[in-house]
Structures are given as C-alpha cells and as structure tokens.
Amino acid sequence: MRSIKKEELRRAFGGMGFKLAVLTGLAIAISHIVLVQVPLARENHMAKLGLLLYPLVEPYYASFYNIMMDIMNPEGYVYYLLLPVIATMPFSASFYLDRRSGYKMQICQRTSQSQYLNAKYLACFLSGGAAVAFPLLVNYLFALMILPNIMPSAAMGTNALSAQILFSNVYFIRPELYLLLYLAIDFLMGGLYACFGLFLSFFIRNVFVIWSAGFLIQLLINAASDSSQNTMYYSAVHWMRPGMGIAYPVVTLLWIVLLGAVPGVLYRLCAKKKEFL
Amino acid sequence: MYLEVNHAVKKIGPDEVLKDITFSLERGTVCSLMGGNGAGKSMLMKAICGLIFLTEGTVSVDGKIIGKEISFPPDLGAMIEHPGLIPQDTGWQNLRELASIRKRIGDPEIEEAMKRTGIYEAAGKRFRKYSMGMKQRLGIAAAIMEKPSLLILDEPCNALDEEGRNMVFQIIREEKERGALVILAGHEAEDLENVSDIMLVMKNGQITERRDLSDQRES
C-alpha cells in the first residue's frame, strides 16, 4: 500500500498538471506583486523621503497588502474564483486518463482497485491543496520582503474584518497566524475541490468537464449569493479569502460536508464496489 | 498455480457477454482462447485478472475466490487489449514505476525483460514516441518482468513483424518451461496451435470447443 501511495504522489507532484496549476496560480500572484505590492513599496519609500504630496497616515503593510487580504484589487478575487480549476488541474483527471490509456489495468494487476483509488485520493488531495496554497504563500512572503510587517490597526479601516469574522481577533494580535490559518483552510478547500473532480471522473469522460465542474458550481453559488451583503458570505469565493473571512462557520461546514464528505464517502464505496470496464 | 473458472456468467445490461464458462488449468500449461471479435476472450481474461466482477459463478486461483477472498491473482502478469503505459515517461521509467509497486524485482530483472522482448535499445525513449510494435513489446516486457506464475497475454502478436512473433512464441515457451500458467488470446488458429497445450474456442461468450493439443502432438 505504501508503494502505490508513493507512486501516485510522485505522479501527482511530478506531472505536467501540477506544474501548469502552479504556474497559473503564480501568474496571478505575481501580477499582484507587480501591480500592487511593488508600487506600494515605492510609495512607502517616497513617503519616507518626504517626496509625497500628502503624507501617509500609516505605511502600506505586508499583512494587508498581500493577495489573500487585499480586497481592494481584483487579483485576489480572480484567484479565489479560479481556485477550483487550479486545484483540479494537477491530478483530478488522472483516473480518467489511466482508464483511457489502460494504465489502470497495469496497476490493478499489482494492487487492488481500492488501494489504488485510495492512494489516488490522497495524492489528489495533497497536490490540489499544495497547488492552491503555494502561490498564495509566495505572494505573502514577497509582501513580507518589500512591505513593512507592522501590526494591523483595527481603527484604520483599511481592512474590513469585523468581530463577526472567524479568527478576526487573531488577525489584530498575530496577523501571520491568521493568514496561516486561512491558508490551511484554502489548502483544505483546494484538496476537496481536487477530490470532487476525481470523484466526477468516475462518471465523466472529458478532462475539460472534470477541470471545470467545481469552478462552475462555485461560480453559480457566487452569482446567486452576491446580491446582498448578508448572503455574499455564503459564497466560498468570499469566505475562503482571509480579507473577507468566515462570517458563518455553519456555511463553511456545510460546504465541506457537501464538497468533501459526501463525495468522499461515495468515492470510497465506488472504489470498493464499482466496476470500471 | 491452479486456476478454476466455475460457471462464469457476465451480464452487461441486457447482454450476456460470458455464458456459463467452466474450465480449470494447472501450472506449466499454455492455454489459448481463440475466437473472433466479441467472442468474450478479453472479458474472460479481465474476469481472471479480477478487473471485472462476475454476475454469476466464480474464478479461483489456488482455491481462493477472486473478488471474495482475494482482489486479484497474487502473482499475475497481464497485457489485455493494449499495452497501457504512461505516454510521457520513457519505456524504462514505465517499467520501473510498475515494478516499484510490488517491489519484487530491481533493475537487472527489468533490463532482462526488455532484452528478451527486444526493446532494450529504446529503453530511454518516451513511450508516446514508440511505434505500435515497440509498444506491444514493452507491454509484454511489463507482463513478464516479475516472472509471474500466471501470465495472461491478449493478442500478443498484434502489430508485430515476423521476428517479433517468433520472439513472442519463444517467450511463451520459456515461461511454460519455468512453470508459469500462460493464457493467450488470438484470432489465428495456426499460430496459437504451435505453442498451446489447450485451445478453447469461443463464440458469443461461450466455449464451443476444447482441443487438447499436447495429446494430439504426442499421438
């Protein structure tokens, strides 16, 4: 069992899909660095030299002007909207491709179908989560390099975090911990979207549909919930972003159950009982 | 190695693709399944490999029922329909990755299998760049490299030239000598008769005739 896990992990992290997903994520994360962080760092520098027409009340700081927290620029929104695609790109279509090429047959004469599919689930979850989290982390680390790491001020209003938001108290004491907590949540969601795509590949024989199914579901829910201030927090595009945060933990839990637990249980049942001709 | 297929029935929707198939085979035997397209040869091979579940009946290996007591024959090498390997990996990488699952063999055995099938020269080439015949040779190498006690080859001579076909028959004889139970499938009776001890003729999911070729050869 260990060797099939190792093999599937090697394929998931070493494959073209993972590279493509990370590059897509990095393209958005780097565009935020170039278009937002670098100009703000320059402005900080100019303020220090007294070259600005109006002085800055506080410098632009890293714990807010990173792609996760920054809700004033579009890059973060685009990233979280595309998150399901970035998550499914590495390995979600691999089962369909293994079936089509006949590779599944090669594996299943050396290990049982359920062991093979369990190993694939693990590899898919980890590669999907990593593909989502890595560009976010790179963006944050870059922000820490060029922007000051001062404590965020609740009085300043540059951030929209209210007391209702989960872990918002952590943000004002240990902003890096708050960001890491949400990064873990994003990793989890990336992994669940990836596994949801993998589950769909039992029934769908089209790579494009496997890659886009999670995105379309998220897009529909986002469009439906975006109409008011209260319902917008139902959309994962909003609550996955630490800049918006989780206002209703029950909604997050419901997302995790519907996206992760239900397909996960069905996946395991199919892995044991379903026949793939 | 003792293989027993007992009243095997497989239905897919309304179609009965395997109809009450019963036979048994022992180690050191070469059995060929002969029949036209859609006769049920590949489906029967998949059932033996544990890749499909039978609607009725059982397949057992050394007394253990596949799908109940074991998921698949524990010492199996098979190539069914086509050699399915990872296109972007080289031939060598493909075999190493497959060998790493059971960890029974190392590089020398992989090299030996590639040399036996005449594909060693192209070991560093990507699988997607292989010709059909080269893919077939690599598929056979993947099936034999772990020296399985049950070897299943579905139309192993597909896409092979005369020299390739002779190589396949030579490998089958060597595997039999080693004590493996070899099951082959094909269309051409003459080719199969030369290497087989038993021939099962299939039509419409049924075994219509059983020929004991080793007895015939002796007589």
# chains A, B, ... in the order shown; residues from 1 in each chain; ligands from 1
>>> interface_residues(of="chain A", to="chain B", cutoff="6 Å", atoms="only C-alpha atoms", output="list in words")
Ser3, Ile4, Ser101, Gly102, Tyr103, Ser112 and Glu275 of chain A
>>> residues_around(residues="Tyr130 in chain B", least_positions_apart="4", cutoff="12 Å", atoms="only C-alpha atoms", output="VMD selection string")
chain B and resid 83 85 to 91 119 121 to 126 134 to 139
>>> write_last_selection(atoms="N, CA and C atoms", output="compact mmCIF listing (two decimals), in the first residue's frame")
# COMPACT_ATOMS: atom_id res chain seq x y z
N PRO B 83 -1.16 -2.32 -24.63
CA PRO B 83 -0.21 -2.04 -23.54
C PRO B 83 -0.39 -0.62 -23.00
N LEU B 85 0.47 2.25 -20.90
CA LEU B 85 1.54 2.79 -20.07
C LEU B 85 1.52 4.32 -20.14
N ILE B 86 2.35 4.96 -19.33
CA ILE B 86 2.30 6.42 -19.27
C ILE B 86 3.03 7.02 -20.48
N PRO B 87 2.32 7.79 -21.31
CA PRO B 87 2.90 8.25 -22.58
C PRO B 87 4.15 9.13 -22.42
N GLN B 88 4.14 9.99 -21.40
CA GLN B 88 5.26 10.96 -21.29
C GLN B 88 6.51 10.37 -20.63
N ASP B 89 6.40 9.17 -20.05
CA ASP B 89 7.56 8.54 -19.44
C ASP B 89 8.28 7.64 -20.45
N THR B 90 9.56 7.40 -20.19
CA THR B 90 10.30 6.51 -21.09
C THR B 90 9.88 5.06 -20.80
N GLY B 91 10.27 4.18 -21.71
CA GLY B 91 9.97 2.76 -21.52
C GLY B 91 10.54 2.25 -20.20
N ILE B 119 13.45 -4.69 -26.76
CA ILE B 119 13.10 -3.27 -26.67
C ILE B 119 14.13 -2.49 -25.86
N GLU B 121 17.05 -1.42 -26.51
CA GLU B 121 17.72 -0.32 -27.23
C GLU B 121 16.92 0.98 -27.13
N ALA B 122 15.59 0.83 -26.99
CA ALA B 122 14.72 2.02 -26.96
C ALA B 122 14.26 2.34 -25.54
N ALA B 123 15.00 1.83 -24.55
CA ALA B 123 14.57 2.00 -23.15
C ALA B 123 14.46 3.46 -22.73
N GLY B 124 15.32 4.31 -23.30
CA GLY B 124 15.33 5.72 -22.89
C GLY B 124 14.40 6.61 -23.70
N LYS B 125 13.66 6.00 -24.59
CA LYS B 125 12.75 6.77 -25.45
C LYS B 125 11.38 6.89 -24.79
N ARG B 126 10.72 8.01 -24.98
CA ARG B 126 9.39 8.18 -24.39
C ARG B 126 8.37 7.22 -25.03
N MET B 134 6.65 -1.52 -31.02
CA MET B 134 7.50 -1.28 -29.83
C MET B 134 6.66 -1.22 -28.57
N LYS B 135 5.49 -0.59 -28.67
CA LYS B 135 4.58 -0.53 -27.51
C LYS B 135 4.17 -1.94 -27.09
N GLN B 136 3.88 -2.75 -28.10
CA GLN B 136 3.47 -4.13 -27.83
C GLN B 136 4.59 -4.88 -27.11
N ARG B 137 5.82 -4.71 -27.57
CA ARG B 137 6.96 -5.38 -26.95
C ARG B 137 7.13 -4.92 -25.50
N LEU B 138 6.95 -3.61 -25.27
CA LEU B 138 7.12 -3.10 -23.90
C LEU B 138 5.99 -3.62 -23.00
N GLY B 139 4.79 -3.72 -23.57
CA GLY B 139 3.66 -4.27 -22.81
C GLY B 139 3.94 -5.71 -22.38
>>> select_by_dssp(residues="range 54-169 of chain B", states="strand (DSSP E)", output="PDB file with C-alpha atoms, in the first residue's frame")
ATOM      1  CA  GLU B  56     -22.688 -15.448 -11.531  1.00  0.00           C
ATOM      2  CA  GLY B  57     -20.052 -18.116 -10.927  1.00  0.00           C
ATOM      3  CA  THR B  58     -16.512 -17.822  -9.635  1.00  0.00           C
ATOM      4  CA  VAL B  59     -12.887 -17.619 -10.667  1.00  0.00           C
ATOM      5  CA  SER B  60     -10.468 -19.036  -8.131  1.00  0.00           C
ATOM      6  CA  VAL B  61      -6.690 -19.170  -8.004  1.00  0.00           C
ATOM      7  CA  LYS B  64      -9.069 -18.602  -3.351  1.00  0.00           C
ATOM      8  CA  ILE B  65     -12.041 -16.923  -4.962  1.00  0.00           C
ATOM      9  CA  LEU B  76      -0.059 -12.106 -12.119  1.00  0.00           C
ATOM     10  CA  GLY B  77       1.419 -10.554 -15.252  1.00  0.00           C
ATOM     11  CA  ALA B  78      -1.039  -9.447 -17.882  1.00  0.00           C
ATOM     12  CA  MET B  79      -1.436  -7.431 -21.022  1.00  0.00           C
ATOM     13  CA  LEU B 150       0.045 -16.634 -14.131  1.00  0.00           C
ATOM     14  CA  LEU B 151       0.757 -14.860 -17.419  1.00  0.00           C
ATOM     15  CA  ILE B 152      -2.120 -13.504 -19.486  1.00  0.00           C
ATOM     16  CA  LEU B 153      -1.488 -12.093 -22.949  1.00  0.00           C
ATOM     17  CA  ASP B 154      -4.321 -10.793 -25.080  1.00  0.00           C
TER      18      ASP B 154
END
>>> closest_residue(among="A:Ala123, A:Ile67, A:Met46, A:Ala87", to="Arg11 in chain A", atoms="only C-alpha atoms")
A:Ala123
>>> closest_residue(among="B:Ser214, B:Leu18, B:Ile140, B:His7", to="Ile110 in chain B", atoms="only C-alpha atoms")
B:Ile140
>>> residues_around(residues="range 209-221 of chain A", least_positions_apart="6", cutoff="12 Å", atoms="only C-alpha atoms", output="ChimeraX atom specification")
/A:17,21,77-97,128,189-203,227,231-240,255,258-260
>>> closest_residue(among="A:Pro135, A:Gly129, A:Gly264, A:Pro249", to="Ser31 in chain A", atoms="only C-alpha atoms")
A:Pro135
>>> residues_around(residues="range 161-176 of chain B", least_positions_apart="5", cutoff="7 Å", atoms="only C-alpha atoms", output="PyMOL selection string")
chain B and resi 28-30+117+181-182+195
>>> select_by_dssp(residues="range 192-269 of chain A", states="alpha helix (DSSP H)", output="NGL selection string")
:A and (192-200 or 207-225 or 236-239 or 249-256 or 262-269)
>>> atom_distance(atom1="CA of Gly14 in chain A", atom2="CA of Gln115 in chain A")
20.6 Å
